[in-house]
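So this block is coords_13.txt, compact mmCIF, C-alpha atoms:
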# COMPACT_ATOMS: atom_id res chain seq x y z
CA MET A 1 100.77 110.51 109.14
CA ASN A 2 102.20 113.61 107.53
CA GLU A 3 101.16 115.57 104.48
CA GLU A 4 104.02 114.19 102.41
CA LYS A 5 102.58 110.69 102.81
CA LEU A 6 99.16 112.03 101.82
CA ILE A 7 100.54 113.58 98.66
CA ASN A 8 102.20 110.28 97.77
CA ASN A 9 98.86 108.43 98.04
CA SER A 10 96.69 109.57 95.13
CA GLU A 11 93.59 107.97 96.70
CA LEU A 12 93.80 110.57 99.48
CA TRP A 13 94.35 113.62 97.28
CA PRO A 14 90.68 114.67 97.40
CA PHE A 15 91.06 115.14 101.18
CA LEU A 16 93.93 117.62 101.00
CA PRO A 17 91.65 120.70 100.80
CA ALA A 18 89.57 119.35 103.70
CA LEU A 19 92.69 118.67 105.75
CA ALA A 20 94.02 122.17 105.09
CA GLU A 21 90.72 123.72 106.15
CA ILE A 22 90.43 121.62 109.31
CA LYS A 23 94.00 122.55 110.25
CA HIS A 24 93.06 126.21 109.77
CA ARG A 25 89.85 125.85 111.81
CA LEU A 26 91.56 124.01 114.70
CA CYS A 27 94.61 126.28 114.79
CA GLY A 28 95.18 127.66 118.28
CA ILE A 29 92.96 125.17 120.08
CA GLU A 30 95.98 123.23 121.38
CA VAL A 31 97.14 126.37 123.21
CA GLU A 32 93.90 126.39 125.22
CA CYS A 33 93.55 122.63 125.63
CA GLU A 34 96.69 120.79 124.52
CA PRO A 35 95.33 117.41 123.44
CA LEU A 36 92.70 118.92 121.10
CA GLY A 37 94.94 119.92 118.20
CA LEU A 38 94.79 118.05 114.90
CA SER A 39 96.25 114.60 115.29
CA PHE A 40 96.62 111.34 113.41
CA ASP A 41 96.82 108.31 115.67
CA LYS A 42 97.49 105.80 112.91
CA ASP A 43 98.61 105.54 109.32
CA ILE A 44 95.97 106.30 106.76
CA HIS A 45 95.78 104.30 103.55
CA THR A 46 92.20 104.60 102.25
CA GLU A 47 89.51 107.25 101.86
CA GLU A 48 87.56 105.54 104.65
CA ASP A 49 90.55 105.74 107.00
CA MET A 50 90.96 109.43 106.22
CA LEU A 51 87.31 110.34 106.70
CA LEU A 52 87.13 108.41 109.97
CA THR A 53 90.31 110.06 111.23
CA LEU A 54 89.09 113.55 110.37
CA ILE A 55 85.63 113.15 111.93
CA SER A 56 87.19 111.54 115.01
CA GLN A 57 89.37 114.47 116.00
CA LYS A 58 89.34 114.87 119.78
CA ALA A 59 88.12 118.48 119.54
CA PHE A 60 84.84 117.25 118.05
CA ALA A 61 84.02 115.31 121.23
CA PHE A 62 83.72 118.57 123.16
CA ASP A 63 81.12 121.33 123.11
CA ILE A 64 83.57 124.20 123.41
CA THR A 65 81.69 127.11 124.94
CA ASN A 66 82.33 130.67 126.00
CA GLU A 67 81.04 132.79 128.87
CA ASN A 68 77.86 133.60 126.92
CA GLY A 69 77.00 129.95 126.37
CA ALA A 70 77.86 130.10 122.67
CA ILE A 71 79.13 126.78 121.31
CA TRP A 72 81.97 126.80 118.81
CA ASP A 73 81.10 125.11 115.51
CA VAL A 74 84.12 124.13 113.43
CA ARG A 75 81.98 124.33 110.28
CA LEU A 76 81.17 128.00 110.83
CA GLU A 77 84.37 129.63 112.02
CA PRO A 78 87.97 129.01 112.99
CA PHE A 79 88.67 128.46 116.67
CA THR A 80 90.80 131.63 116.73
CA LYS A 81 87.79 133.72 115.70
CA PHE A 82 85.63 132.14 118.43
CA LYS A 83 88.42 132.70 120.97
CA ALA A 84 88.82 136.35 119.92
CA ARG A 85 85.20 137.10 120.84
CA SER A 86 85.33 135.13 124.09
CA THR A 87 86.68 135.98 127.54
CA ILE A 88 86.31 132.53 129.08
CA ILE A 89 86.43 129.27 127.14
CA LYS A 90 85.33 125.95 128.60
CA PHE A 91 85.86 122.47 127.22
CA PRO A 92 83.07 120.22 128.52
CA PHE A 93 83.43 116.67 127.23
CA THR A 94 80.20 115.53 125.59
CA GLY A 95 81.41 112.54 123.64
CA TYR A 96 80.94 112.04 119.92
CA ASN A 97 77.37 113.16 119.34
CA PRO A 98 76.07 111.21 116.29
CA ASN A 99 74.25 114.24 114.83
CA LYS A 100 77.25 116.52 115.26
CA ARG A 101 79.51 113.85 113.79
CA GLN A 102 77.24 113.46 110.76
CA GLN A 103 77.20 117.22 110.19
CA ILE A 104 80.99 117.39 110.38
CA SER A 105 81.28 114.38 108.08
CA ASN A 106 79.04 116.04 105.48
CA TRP A 107 81.06 119.26 105.76
CA ILE A 108 84.35 117.41 105.29
CA ILE A 109 83.02 115.62 102.21
CA GLU A 110 81.93 118.99 100.77
CA LEU A 111 85.43 120.37 101.34
CA CYS A 112 87.03 117.54 99.38
CA ASN A 113 88.12 118.06 95.79
CA TRP A 114 86.63 115.00 94.09
CA GLU A 115 87.16 116.21 90.54
CA GLY A 116 90.50 118.00 90.54
CA ASP A 117 94.04 117.19 91.42
CA VAL A 118 96.10 118.01 94.46
CA PHE A 119 97.57 121.13 92.91
CA ASN A 120 94.27 122.89 92.23
CA GLY A 121 93.51 125.71 94.65
CA ILE A 122 91.83 125.27 98.00
CA THR A 123 88.52 127.05 98.43
CA ARG A 124 87.42 127.95 101.93
CA HIS A 125 83.76 127.33 102.70

Would you mind writing the file's structure down as structure tokens?
Amino acid sequence: MNEEKLINNSELWPFLPALAEIKHRLCGIEVECEPLGLSFDKDIHTEEDMLLTLISQKAFAFDITNENGAIWDVRLEPFTKFKARSTIIKFPFTGYNPNKRQQISNWIIELCNWEGDVFNGITRH
């Protein structure tokens, strides 16, 4: 799935701001742990497909920590900012925690532009 296909599917337009923000927040993570970058494993045709794909990103199945025991939270800061204040980063696999997944799902829904069109600006939260 690429962004051109998303733009061609008007049902998915509300997710474009969320997708842009998630891309920004995950940027650089693939350098530290290659399979954790943003990925789409299948074609997306509906809002449900898109939400499930976004909340199921591999990075969200890890509690990414630094040497101080701080856990990176995608909702609070980009990975690059977390990395900049860390000397050592670890990627312990924890699985998809239901509470964490619900929080990320709520955040993604808040990032969506449900009332505008694709060409309205993106607001970072």

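As for CA of Asn113 in chain A and CA of Phe15 in chain A, they are spaced 6.8 Å apart.
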
Test item: residues at most 10 Å from range 88-90 of chain A, all atoms listed in the file, excluding those fewer than 2 positions along its chain, as a list of chain:residue names: A:Glu32, A:Cys33, A:Phe62, A:Asp63, A:Ile64, A:Thr65, A:Asn66, A:Glu67, A:Asn68, A:Gly69, A:Ala70, A:Ile71, A:Trp72, A:Phe82, A:Lys83, A:Arg85, A:Ser86, A:Pro92, A:Phe93

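Reported to one decimal place, the separation of CA of Phe79 in chain A from CA of Cys27 in chain A is 6.6 Å.
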
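Of the residues under consideration (A:Ala20, A:Phe91, A:Tyr96, A:Leu51), A:Phe91 shows the shortest atom-to-atom contact distance to Glu34 in chain A when counting only C-alpha atoms.
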
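Ranking A:Leu76, A:Ile104, A:Leu52, A:Leu111 by their shortest atom-to-atom distance to Arg25 in chain A, with only C-alpha atoms included, puts A:Leu76 first.
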
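Ranking A:Asn8, A:Ser105, A:Asn97, A:Trp114 by their shortest atom-to-atom distance to Thr53 in chain A, with all atoms listed in the file included, puts A:Ser105 first.
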
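Of the residues listed (A:Ile29, A:Ala84, A:Leu38, A:Leu12), A:Leu12 shows the shortest atom-to-atom separation from Met50 in chain A; distances use all atoms listed in the file.
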
Report the centre and edge lengths, in Å to one decimal, of an axis-aligned box enclosing every atom of range 11-28 of chain A listed in the file, padded by 4 Å on each side, as lines of an AutoDock Vina configuration file.
center_x = 92.4
center_y = 117.8
center_z = 107.5
size_x = 13.6
size_y = 27.7
size_z = 29.6

For Glu47 in chain A, which residue out of A:Glu4, A:Ser10, A:Glu115, A:Pro98 is the nearest one, using all atoms listed in the file? A:Ser10

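Separating CA of Thr80 in chain A from CA of Gly28 in chain A is a distance of 6.1 Å.
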
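Non-sequential neighbours of Ser39 in chain A (distance at most 8 Å, separation of 2 or more positions within a chain, all atoms listed in the file) are A:Gly37, A:Asp41, A:Gln57.
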